Structure formats: C-alpha cells, structure tokens
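Asks: This is coords.txt (compact mmCIF, C-alpha atoms).
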```txt
# COMPACT_ATOMS: atom_id res chain seq x y z
CA MET G 194 -30.74 -21.40 -71.61
CA ARG G 195 -28.28 -24.15 -72.35
CA LEU G 196 -29.06 -27.79 -71.71
CA THR G 197 -26.57 -29.89 -69.79
CA THR G 198 -24.57 -32.60 -71.53
CA TYR G 199 -26.65 -35.11 -69.55
CA THR G 200 -29.89 -33.89 -71.13
CA ASP G 201 -28.26 -33.68 -74.55
CA TYR G 202 -27.19 -37.33 -74.27
CA ALA G 203 -30.67 -38.33 -73.07
CA LEU G 204 -32.31 -36.69 -76.08
CA ARG G 205 -29.77 -38.18 -78.51
CA THR G 206 -30.33 -41.63 -77.00
CA LEU G 207 -34.10 -41.40 -77.25
CA MET G 208 -33.93 -40.15 -80.83
CA TYR G 209 -31.54 -42.94 -81.85
CA LEU G 210 -33.77 -45.56 -80.23
CA ALA G 211 -36.84 -44.11 -81.94
CA VAL G 212 -35.17 -44.28 -85.35
CA ASN G 213 -33.90 -47.83 -84.72
CA ARG G 214 -37.06 -49.40 -83.31
CA ASP G 215 -36.62 -52.55 -85.40
CA ARG G 216 -33.60 -53.75 -83.41
CA LEU G 217 -31.92 -53.67 -80.03
CA VAL G 218 -29.28 -50.96 -79.78
CA THR G 219 -26.21 -50.99 -77.55
CA ILE G 220 -24.83 -48.12 -75.54
CA GLN G 221 -21.65 -48.55 -77.56
CA ASP G 222 -23.63 -47.98 -80.81
CA ILE G 223 -24.87 -44.62 -79.55
CA ALA G 224 -21.56 -43.60 -77.96
CA SER G 225 -19.64 -44.40 -81.13
CA LEU G 226 -22.08 -42.60 -83.42
CA HIS G 227 -21.93 -39.38 -81.42
CA SER G 228 -18.31 -39.74 -80.21
CA ILE G 229 -19.38 -39.43 -76.58
CA SER G 230 -18.33 -41.10 -73.34
CA LYS G 231 -19.74 -44.60 -72.96
CA ASN G 232 -19.44 -44.33 -69.15
CA HIS G 233 -21.43 -41.09 -69.01
CA LEU G 234 -23.99 -42.44 -71.47
CA THR G 235 -24.44 -45.54 -69.28
CA LYS G 236 -25.56 -43.30 -66.39
CA VAL G 237 -27.99 -41.48 -68.68
CA VAL G 238 -29.46 -44.74 -70.01
CA HIS G 239 -29.82 -46.08 -66.46
CA HIS G 240 -31.81 -42.96 -65.50
CA LEU G 241 -34.00 -43.23 -68.62
CA GLY G 242 -34.60 -46.87 -67.68
CA GLN G 243 -35.69 -45.88 -64.17
CA LEU G 244 -38.16 -43.45 -65.75
CA GLY G 245 -39.49 -46.23 -68.00
CA MET G 246 -38.59 -44.46 -71.23
CA VAL G 247 -35.94 -47.06 -72.07
CA THR G 248 -36.08 -50.81 -71.59
CA THR G 249 -32.89 -52.81 -71.29
CA VAL G 250 -32.43 -56.41 -72.34
CA ARG G 251 -29.54 -58.18 -70.64
CA GLY G 252 -27.42 -60.93 -72.04
CA ARG G 253 -25.21 -61.68 -74.98
CA ASN G 254 -27.65 -60.35 -77.56
CA GLY G 255 -29.06 -57.66 -75.28
CA GLY G 256 -29.40 -53.98 -75.80
CA LEU G 257 -31.77 -51.07 -75.45
CA LYS G 258 -35.14 -50.19 -76.85
CA LEU G 259 -37.76 -47.57 -76.18
CA GLY G 260 -40.00 -48.36 -73.25
CA TRP G 261 -42.81 -46.18 -74.59
CA GLU G 262 -44.11 -45.20 -77.98
CA PRO G 263 -42.30 -42.13 -79.39
CA ALA G 264 -45.59 -40.20 -79.40
CA ASP G 265 -45.86 -40.78 -75.64
CA ILE G 266 -42.44 -39.35 -74.78
CA ASN G 267 -42.84 -35.63 -74.16
CA ILE G 268 -39.66 -33.62 -74.67
CA GLY G 269 -40.57 -31.08 -72.00
CA ALA G 270 -40.93 -33.92 -69.48
CA VAL G 271 -37.57 -35.39 -70.53
CA VAL G 272 -35.86 -32.04 -70.03
CA ARG G 273 -37.49 -31.56 -66.61
CA GLN G 274 -36.41 -35.08 -65.55
CA THR G 275 -32.80 -34.72 -66.73
CA GLU G 276 -31.89 -31.11 -65.88
CA THR G 277 -30.67 -30.49 -62.34
CA ASP G 278 -32.17 -27.01 -62.10
CA PHE G 279 -33.44 -24.11 -64.13
CA HIS G 280 -31.45 -21.38 -62.35
CA MET G 281 -31.03 -18.94 -65.19
CA ALA G 282 -29.27 -16.41 -62.96
CA GLU G 283 -27.96 -16.11 -59.43
CA CYS G 284 -31.26 -14.69 -58.18
CA PHE G 285 -33.03 -18.03 -58.84
CA ASP G 286 -31.03 -19.68 -56.06
CA GLY G 287 -32.14 -18.10 -52.78
CA SER G 288 -29.21 -19.58 -50.85
CA ASN G 289 -26.71 -18.08 -53.31
CA ASN G 290 -28.37 -14.76 -54.15
CA HIS G 291 -25.79 -12.09 -53.39
CA GLY G 292 -26.87 -9.57 -56.03
CA VAL G 293 -26.76 -5.90 -55.05
CA PHE G 294 -30.39 -5.47 -56.14
CA ALA G 295 -31.63 -8.77 -54.68
CA SER G 296 -34.40 -7.24 -52.56
CA ALA G 297 -35.91 -5.22 -55.43
CA CYS G 298 -34.80 -7.16 -58.50
CA VAL G 299 -37.44 -8.18 -61.04
CA LEU G 300 -34.97 -10.13 -63.16
CA GLU G 301 -36.06 -13.37 -61.48
CA ASP G 302 -39.66 -12.78 -62.60
CA VAL G 303 -38.64 -11.95 -66.16
CA LEU G 304 -36.33 -14.95 -66.49
CA GLY G 305 -38.90 -17.16 -64.77
CA THR G 306 -41.46 -16.16 -67.40
CA ALA G 307 -38.92 -16.85 -70.16
CA THR G 308 -38.10 -20.27 -68.70
CA ALA G 309 -41.80 -21.14 -68.49
CA ALA G 310 -42.25 -20.16 -72.16
CA TYR G 311 -39.21 -22.27 -73.13
CA LEU G 312 -40.63 -25.30 -71.33
CA LYS G 313 -44.09 -24.69 -72.79
CA VAL G 314 -42.64 -25.00 -76.30
CA LEU G 315 -40.89 -28.25 -75.33
CA ASP G 316 -44.16 -29.53 -73.82
CA GLY G 317 -45.69 -29.26 -77.29
CA VAL G 318 -43.12 -31.64 -78.81
CA CYS G 319 -42.90 -35.40 -78.53
CA LEU G 320 -40.13 -37.75 -79.55
CA ALA G 321 -42.09 -38.79 -82.64
CA ASP G 322 -41.98 -35.15 -83.83
CA LEU G 323 -38.18 -35.12 -83.59
CA VAL G 324 -37.66 -38.18 -85.78
CA LYS G 325 -40.54 -37.81 -88.21
CA LYS G 326 -39.65 -38.48 -91.83
CA PRO G 327 -41.03 -36.02 -94.35
CA ALA G 328 -43.30 -37.54 -96.98
CA GLY G 329 -41.51 -38.86 -100.03
CA ARG G 330 -38.05 -38.89 -98.44
CA THR G 331 -35.94 -41.81 -97.43
CA GLY G 332 -33.27 -41.76 -94.78
CA LYS G 333 -33.00 -41.96 -91.03
CA SER G 334 -34.71 -38.83 -89.79
CA ALA G 335 -35.88 -35.35 -90.62
CA VAL G 336 -33.13 -33.50 -88.80
CA GLY G 337 -33.47 -29.82 -89.56
CA GLN G 338 -37.10 -30.10 -90.64
CA PRO G 339 -39.60 -27.70 -89.04
CA LEU G 340 -41.59 -29.13 -86.17
CA GLN G 341 -45.33 -28.98 -85.82
CA PHE G 342 -46.30 -28.07 -82.28
CA HIS G 343 -49.18 -29.74 -80.49
CA ALA G 344 -51.28 -28.99 -77.48
CA LYS G 345 -49.57 -30.01 -74.25
CA ARG G 346 -49.21 -33.78 -74.08
CA PRO G 347 -49.41 -35.73 -70.83
CA SER G 348 -46.08 -35.64 -69.02
CA ALA G 349 -43.90 -38.73 -68.76
CA GLU G 350 -43.67 -38.61 -64.97
```
Is it possible to give me this structure as structure tokens?

Replies:
Amino acid sequence: MRLTTYTDYALRTLMYLAVNRDRLVTIQDIASLHSISKNHLTKVVHHLGQLGMVTTVRGRNGGLKLGWEPADINIGAVVRQTETDFHMAECFDGSNNHGVFASACVLEDVLGTATAAYLKVLDGVCLADLVKKPAGRTGKSAVGQPLQFHAKRPSAE
C-alpha cells in the first residue's frame, strides 16, 4: 500500500509541529523544509484543524501548533482520516469490479486482511513515538530509530 501525498503531508506536518512545540510554526516553514507545495499543504492543515489535531493562530505573529498532545494523536486514525479509500485492487470497488474472476475471487479477502494488519500496526503508534529522542542524543528527532508498538490507543475521531 502506498499513502497519498495528502497523508504524507499530514504526517510530516504533525511531526514537525510535535518537534517544534515551543513555538508557532507557519505553513511556509513546513513547505520550505520539505520542498512541497504551500497551496496543497494549506488544504492539509485546514483538514487537520477541522479534526482538532492542529490549532491555528491568526494574525501577524500567527502560526500553527498541535491541538492535542503527541501521545494522543494516533497514526492509524490520522491515516484513516486523510486517505480517500483503501482500495488495494479493483475488486475492492464494487462499482468498478470488472475482473474476470470477480464472482469467485478471494483476492479481496486476502488484501482486506493485509490492509487490516497494516492499519493495526499504525494503530499501535502515536505521534510521540515518531518524534521520540533516544536517550543521550541531541537533535530534532529520532528518524530511523525503531519504534516501540503499544496496545491500540483511542482513535482521534
């Protein structure tokens, strides 16, 4: 499965805000850092704001900040809120299923099980896990460090 650019931008935004909790961040800050479209990122931030995950402060010295604690932002919930669908193959979309084996195909069940497992892993990760600093290290985040998975956290819906 491949995440959409929209979800990728949402996750990057949340991670950047989690790492920079001591200040307000602008959309331009995030767009410049990742060399991504400011216009597209604005739509993503608006959606995250509607969900309550991001709070916006208007005005000359305004910006963005996390609306919730990083430990309360479940990555599985973010992915579910930002992905348009989880159609792994044509057979997932009943209105567009033209496969020769459509009536007897078990591929949908197999891929459905795989998708559920994928989301279950993401449900065990919160934003705090993604930006955790390893003990004794300085720097912005622990990118590339192994994650510790937790029991399913409450969803951010």

Asks: Using all atoms listed in the file, determine which residues lie at most 8 Å from G:Leu315, disregarding the query and same-chain residues fewer than 3 positions distant; provide the list as a JSON list (two decimals) with C-alpha atoms, keeping the file's coordinate frame.

Replies:
```json
[["chain", "number", "residue", "atom", "x", "y", "z"],
["G", 267, "ASN", "CA", -42.84, -35.63, -74.16],
["G", 268, "ILE", "CA", -39.66, -33.62, -74.67],
["G", 269, "GLY", "CA", -40.57, -31.08, -72.00],
["G", 311, "TYR", "CA", -39.21, -22.27, -73.13],
["G", 312, "LEU", "CA", -40.63, -25.30, -71.33],
["G", 318, "VAL", "CA", -43.12, -31.64, -78.81]]
```

Asks: Just the residues within 6 Å of G:Ala321, please, counting only C-alpha atoms, with nothing from its chain fewer than 4 positions along; format it as a list in words.

Replies: Pro263, Ala264 and Lys325 of chain G

Asks: Using all atoms listed in the file, pick whichever of G:Met194, G:Leu217, G:Val237, G:Leu204 has the shortest atom-to-atom distance to G:Asp278.

Replies: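 Among the listed residues, G:Met194 lies closest to G:Asp278.
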
Asks: Figure out the distance between atom CA of G:Gly260 and atom CA of G:Gly245, please, to one decimal in Å.

Replies: 5.7 Å

Asks: Identify which of the residues G:Arg253, G:Val324, G:Gly305, G:Asp201 lies closest to G:Asn213, counting only C-alpha atoms when measuring atom-to-atom distances.

Replies: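 Ranking G:Arg253, G:Val324, G:Gly305, G:Asp201 by distance to G:Asn213, first place goes to G:Val324.
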
Asks: One number please: atom CA of G:Asp265 to atom CA of G:Ser225, in Å, one decimal.

Replies: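 So the two atoms, atom CA of G:Asp265 and atom CA of G:Ser225, lie 27.0 Å apart.
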
Asks: Give the answer as one residue: which of G:Leu257, G:Leu300, G:Val212, G:Ala309 has the shortest atom-to-atom distance to G:Arg273, using only C-alpha atoms?

Replies: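 Between G:Leu257, G:Leu300, G:Val212, G:Ala309, the residue approaching G:Arg273 most closely is G:Ala309.
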
Asks: Would you mind telling me which residue in G:Leu241, G:Leu259, G:Leu196, G:Leu210 lies nearest to G:Thr277 when using only C-alpha atoms?

Replies: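 Using only C-alpha atoms, G:Thr277 sits closest to G:Leu196.
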